[in-house]
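Working notes for the structure below.
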Amino acid sequence: MRVHTEGSTVLNANKTITGATKANPCVVTVSSHGYSNGDEVFIASVVGMTELNGRYFKIKNQTTNTFELTDLQDNNINSSAYTTYGSAGTAASVFELTTTYTSSDIFQLSYAQSSDVLTVVHPSFPPREIRRLGATNWTIVDITFAPSVSAPTGVSVSATTGSGSETYKYVVTALESDILEESVASSEVSVTNDLSTSPNKNTVTWSAVSGAVRYNVYKDNNGVHGYIGQTPDLTFDDDNIEADVLTSPPENQTPFNGTDKYPSTVSYHDQRRVFGSTNNNPQTTWMSRAGSGANLSKSIPSQDNDAIQFSLDSRQFNRIRHFIPLDDLLIFTSATEWKLFTQNSDALTPTTIATRPQSYVGCGERMPIIAGDAVLFVADQGGHVYDMNYTFETDKYKPRDISIVAPHLFDGFTISDWDFTSVPYPIAWMARDDGKLIGLTYLSGQKPDILGWHQHTTDGNFESTCVIPESNGEKMLYVIVQRRINGVNRRFVERMHSRIFSDIRDAFHVDSGLSYDDPKDITGATTANPVVITSASHGFSDGDVVQITDVGGLGNDTGMTELNGNRYTVSSATTNTFALQDTAATPANVNGSAYTAYVSGGKARKEITTVTGLHHLVGESVTILADGSVMPSQTVSSAGTVVLSQGAGRIHIGLSFMSDLRSLPLVWSQIEAVGQGRFKSPTKVYLRVDKARGIFAGPDFDHLREYAQRTSEVYGAPTEMVSDEIEIQLDSSWSRGGQISVRQSDPTPITILSMSWKGEVGA
């Protein structure tokens, strides 16, 4: 198991590189590295042999202090033509946690998360917990279904006062410190006495239990141990206390203890951990004691906080597939949807539990999704997607087939995996079995509900999806994609880029792509000839071309804003400063004597023409957006590079994709038969768009016209995005549907909010 977060793979601690050879294969020196052959390492910050930086390699022929490098397909790294190693550099191995699961087990795993503990179940393996103790400190352990505190040992009893022939039997339990969870009973001890005669008494003693703060003492009454008292001490005196047989010590249950006895689904509900559906008991549910996630103990007679076990009684076979906790616990089975609720009480106890069927659709193996106040689930038969909402009128959860509006996306297909993101847009993302990614924009509770299906393809196959909340305030989609790169099948972990941006230069609309954007903070600028910029450890050299933006702060309104949006040549560079010249063939100093005084802010970006680090796309044709302008497609070289025709400071490179929209056939309620059977010819289309560029429209995808967008932009600046209602003249074409096609083929954004058209209607 590997861990990915914030768009990166979690790595172990860095180790210092002290050498790298120009050879085939490249040999790297790291003192006492501790790596093994086959380990993957990430190399960064090398001075000199920079071709190694920002790349993952596999280790081969390791010794105590050296190792050879191969790529991830086990091909030797030939560094003979690399620049000579100078100094520094780090190597960090990829963090991995070993599990016993195989690739064929993955999609049968069910899980539930509570803080940093992930409960994972599978019908062929004991239930386990994956615990996160630190970024690179994870454990995986089988769950022990028992109280967290041990039963007391060293228990003894003596008749400290009096004597007699009556036999008295005792057991003791321990209570842990947090929620006073109670252990199972100790071994039974006995003594003879006559407690009916005062002041006779028996004294029970025991050894201290780690983590315990109090102890309960129970006395036998006709074969049942009843409660007689509690103490924080290690002794207890019984002077003929009557045993309360309605309160007895817990007895441990171990239902998940062998082949065909392991649960296949798990969740949490009402402070209990819920397990269900073993191969031997596919319709049975087990719920832990309240407040204790792995304690399945019970008492006789039953106590309110006891573990709960029940089976669904139904007219047909109902293998439990999933639990979804809402106000009620929804139980999804292969044939029926149930709700678990309490009757005659608000508390969930063994005596108040009740179940009732809600509908008879049947749920598939994919775990249902909670989307706002609704639950989405994939049907067991047919693979259609349903939503389920509570209806006050019927006091039931009512399902609705929401894929009926787009059956072509589901008929004959199955959903391999899915997940839901709510921020910034509520979308359920589904990997279909043919490798397509299906999206459902879904927002319930509106009038009408917001519901829209869309299909996404890439140069490869989507295999799995996962949504992770991240520090940017968004929930980010991660996918596993299988691609064929340079003739080799490879799997990638890819993360959808944020769609929140205001500058076209930051728009990322490529697949499997990378970005170059390395802004350096400006902290000072002189009103002198030449202008001298202060930027700590900027790394620029004389002759570099830099772009300057954001001087004066985010508002760009005060303090030497004359520098913003311009390109300059670096001169007189030191570690922390550099002077500005223009970009003429023979550069001249930039005279800032008449500029407004610098106040704060600013970014300086170096322009580059050679983009490196694209080794994952070697041999592939890539699309390029450089400083907001589309550049010609190129093929990534064997060195993982592309060379631009001109320098740029913000560059996005990756696989291209095409975005197509085609309207439904046009109808009118005012015309007989709503216009069906009549020929239509749209001549103009009106699109209300937001942050859009590169818009083509037409009656079909073979006859498209581009919206002429560029107007008043200064020379050298990228075409601005448009957020307005635009008009596109269409090629005239008669058809019964009168449909309109819109296409975006550039690596630039497009958002269409509404569409209307003008045209003619035949008789």
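Ligands are numbered from 1 in the order shown, chains are lettered A, B, ... in the order of the structure tokens, and residues start at 1 in each chain.
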Can you list every residue in segment 493-632 of chain A that DSSP puts in strand (DSSP E or B), as an mmCIF file with C-alpha atoms, in the first residue's frame?
data_model
loop_
_atom_site.group_PDB
_atom_site.id
_atom_site.type_symbol
_atom_site.label_atom_id
_atom_site.label_comp_id
_atom_site.auth_asym_id
_atom_site.auth_seq_id
_atom_site.Cartn_x
_atom_site.Cartn_y
_atom_site.Cartn_z
ATOM 1 C CA VAL A 493 -2.066 7.866 -10.220
ATOM 2 C CA GLU A 494 -3.501 11.118 -11.558
ATOM 3 C CA ARG A 495 -5.218 13.989 -9.769
ATOM 4 C CA ASP A 511 -4.499 14.958 -19.232
ATOM 5 C CA SER A 512 -1.573 13.300 -17.417
ATOM 6 C CA GLY A 513 0.095 16.702 -17.514
ATOM 7 C CA LEU A 514 2.733 18.656 -15.639
ATOM 8 C CA SER A 515 3.240 22.359 -15.105
ATOM 9 C CA TYR A 516 6.252 24.641 -15.025
ATOM 10 C CA ASP A 517 5.627 27.633 -12.761
ATOM 11 C CA LYS A 520 10.211 33.998 -6.947
ATOM 12 C CA ASP A 521 8.996 36.481 -4.333
ATOM 13 C CA GLY A 524 12.223 45.229 -2.983
ATOM 14 C CA ALA A 525 12.718 47.360 -6.116
ATOM 15 C CA VAL A 532 17.401 46.669 -8.998
ATOM 16 C CA ILE A 533 15.101 43.908 -7.751
ATOM 17 C CA THR A 534 15.564 42.141 -4.410
ATOM 18 C CA VAL A 545 14.447 36.672 -19.310
ATOM 19 C CA VAL A 546 11.980 37.135 -16.448
ATOM 20 C CA GLN A 547 8.350 38.170 -16.224
ATOM 21 C CA ILE A 548 7.216 40.406 -13.379
ATOM 22 C CA THR A 549 3.662 40.415 -12.001
ATOM 23 C CA ASP A 550 1.713 41.259 -8.847
ATOM 24 C CA VAL A 551 3.905 44.168 -7.668
ATOM 25 C CA ASN A 566 6.423 43.138 -18.592
ATOM 26 C CA ARG A 567 9.394 41.004 -19.629
ATOM 27 C CA TYR A 568 12.953 41.947 -18.674
ATOM 28 C CA THR A 569 16.492 40.701 -19.156
ATOM 29 C CA VAL A 570 18.457 39.946 -15.982
ATOM 30 C CA SER A 571 21.800 41.707 -15.497
ATOM 31 C CA THR A 577 19.405 40.877 -6.305
ATOM 32 C CA PHE A 578 19.398 41.532 -10.042
ATOM 33 C CA ALA A 579 19.091 44.564 -12.306
ATOM 34 C CA LEU A 580 16.544 44.968 -15.088
ATOM 35 C CA GLN A 581 17.229 45.549 -18.760
ATOM 36 C CA ASN A 589 18.923 49.434 -18.663
ATOM 37 C CA GLY A 601 4.589 42.261 -3.316
ATOM 38 C CA GLY A 602 5.596 40.971 -6.683
ATOM 39 C CA LYS A 603 6.601 37.764 -8.447
ATOM 40 C CA ALA A 604 9.442 37.151 -10.902
ATOM 41 C CA ARG A 605 9.223 34.152 -13.240
ATOM 42 C CA LYS A 606 12.060 32.947 -15.424
ATOM 43 C CA ILE A 608 12.368 28.783 -20.345
ATOM 44 C CA THR A 609 12.238 27.115 -23.739
ATOM 45 C CA THR A 610 13.321 23.576 -22.821
ATOM 46 C CA VAL A 611 10.799 21.813 -20.594
ATOM 47 C CA SER A 621 2.268 13.808 -28.788
ATOM 48 C CA VAL A 622 1.439 16.485 -26.214
ATOM 49 C CA THR A 623 -0.516 19.726 -26.273
ATOM 50 C CA ILE A 624 0.999 22.892 -24.785
ATOM 51 C CA LEU A 625 -0.387 26.034 -23.151
ATOM 52 C CA ALA A 626 2.451 28.517 -22.567
ATOM 53 C CA SER A 629 -1.252 30.840 -25.517
ATOM 54 C CA VAL A 630 -1.682 27.543 -27.359
ATOM 55 C CA MET A 631 1.536 26.302 -28.942
ATOM 56 C CA PRO A 632 1.906 23.612 -31.633
#
Contacts of segment 720-737 of chain A at 8 Å or less, counting only C-alpha atoms, minus same-chain residues fewer than 3 places along, as a PyMOL selection string? chain A and resi 504+664-666+676-693+697-699+703-707+709-710+713
As a count of residues only, please: the residues near segment 17-26 of chain A (cut-off 6 Å, only C-alpha atoms, same-chain neighbours under 4 positions excluded). 12
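Residues surrounding Asp459 of chain A within 12 Å are Gly435, Lys436, Leu437, His456, Phe462, Val481, Gln482, Arg483, Arg484, Ile485, Asn489, Arg490, Val510, Asp511, Ser512, Leu617, Glu620, Ser621, Val622, Gly654, Leu655, Ser656, Phe657 and Met658 of chain A [only C-alpha atoms; sequence separation below 3 positions excluded].
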Keeping only C-alpha atoms, write the selected residues as a PDB file, in the first residue's frame.
ATOM      1  CA  GLY A 435     -12.430   2.499 -19.181  1.00  0.00           C
ATOM      2  CA  LYS A 436     -14.663   5.566 -19.583  1.00  0.00           C
ATOM      3  CA  LEU A 437     -15.152   8.043 -16.737  1.00  0.00           C
ATOM      4  CA  HIS A 456     -15.138  11.635 -20.142  1.00  0.00           C
ATOM      5  CA  PHE A 462      -9.952   4.795 -16.047  1.00  0.00           C
ATOM      6  CA  VAL A 481      -5.506   5.339 -15.290  1.00  0.00           C
ATOM      7  CA  GLN A 482      -3.947   2.669 -17.473  1.00  0.00           C
ATOM      8  CA  ARG A 483      -2.183   4.182 -20.500  1.00  0.00           C
ATOM      9  CA  ARG A 484      -0.048   2.770 -23.282  1.00  0.00           C
ATOM     10  CA  ILE A 485       3.012   5.018 -23.378  1.00  0.00           C
ATOM     11  CA  ASN A 489       1.211  -0.402 -20.717  1.00  0.00           C
ATOM     12  CA  ARG A 490       1.566   1.645 -17.539  1.00  0.00           C
ATOM     13  CA  VAL A 510      -4.585  18.617 -20.275  1.00  0.00           C
ATOM     14  CA  ASP A 511      -4.499  14.958 -19.232  1.00  0.00           C
ATOM     15  CA  SER A 512      -1.573  13.300 -17.417  1.00  0.00           C
ATOM     16  CA  LEU A 617       5.084  10.729 -21.704  1.00  0.00           C
ATOM     17  CA  GLU A 620       3.691  10.773 -26.994  1.00  0.00           C
ATOM     18  CA  SER A 621       2.268  13.808 -28.788  1.00  0.00           C
ATOM     19  CA  VAL A 622       1.439  16.485 -26.214  1.00  0.00           C
ATOM     20  CA  GLY A 654       0.054  16.953 -21.334  1.00  0.00           C
ATOM     21  CA  LEU A 655      -2.166  14.744 -23.442  1.00  0.00           C
ATOM     22  CA  SER A 656      -4.897  16.541 -25.356  1.00  0.00           C
ATOM     23  CA  PHE A 657      -8.600  15.893 -25.107  1.00  0.00           C
ATOM     24  CA  MET A 658     -11.620  17.259 -26.943  1.00  0.00           C
TER      25      MET A 658
END
Give me, please, the distance in Å between atom CA of Ile500 of chain A and atom CA of Gly539 of chain A, quoted to one decimal. 29.6 Å
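In this model, the gap between atom CA of Ile300 of chain A and atom CA of Pro126 of chain A comes to 27.5 Å.
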Report as an MDAnalysis selection string all protein, DNA and RNA residues lying within 7 Å of segment 172-183 of chain A, evaluated on only C-alpha atoms, omitting residues in the same chain fewer than 5 positions from it. chainID A and resid 147 149:152 211:218
For the selection just defined, write its residues with C-alpha atoms to a file, as a PDB file, in the first residue's frame.
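For reference, again-v5.pdb as written:
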ATOM      1  CA  PRO A 147     -12.883  -5.340  25.551  1.00  0.00           C
ATOM      2  CA  VAL A 149      -9.152  -3.674  29.119  1.00  0.00           C
ATOM      3  CA  SER A 150      -8.035  -7.075  30.421  1.00  0.00           C
ATOM      4  CA  ALA A 151      -9.880  -9.116  32.992  1.00  0.00           C
ATOM      5  CA  PRO A 152      -8.383  -9.032  36.512  1.00  0.00           C
ATOM      6  CA  GLY A 211      -5.508   1.034  32.328  1.00  0.00           C
ATOM      7  CA  ALA A 212      -8.276   0.231  34.806  1.00  0.00           C
ATOM      8  CA  VAL A 213      -9.667   2.855  37.194  1.00  0.00           C
ATOM      9  CA  ARG A 214     -12.467   0.896  38.867  1.00  0.00           C
ATOM     10  CA  TYR A 215     -13.582  -2.694  39.363  1.00  0.00           C
ATOM     11  CA  ASN A 216     -16.996  -4.390  39.497  1.00  0.00           C
ATOM     12  CA  VAL A 217     -17.615  -7.373  41.756  1.00  0.00           C
ATOM     13  CA  TYR A 218     -20.268 -10.024  41.000  1.00  0.00           C
TER      14      TYR A 218
END
Contact residues around Ser302 of chain A with only C-alpha atoms at 12 Å, ignoring same-chain residues under 4 positions, as a count of residues only: 18
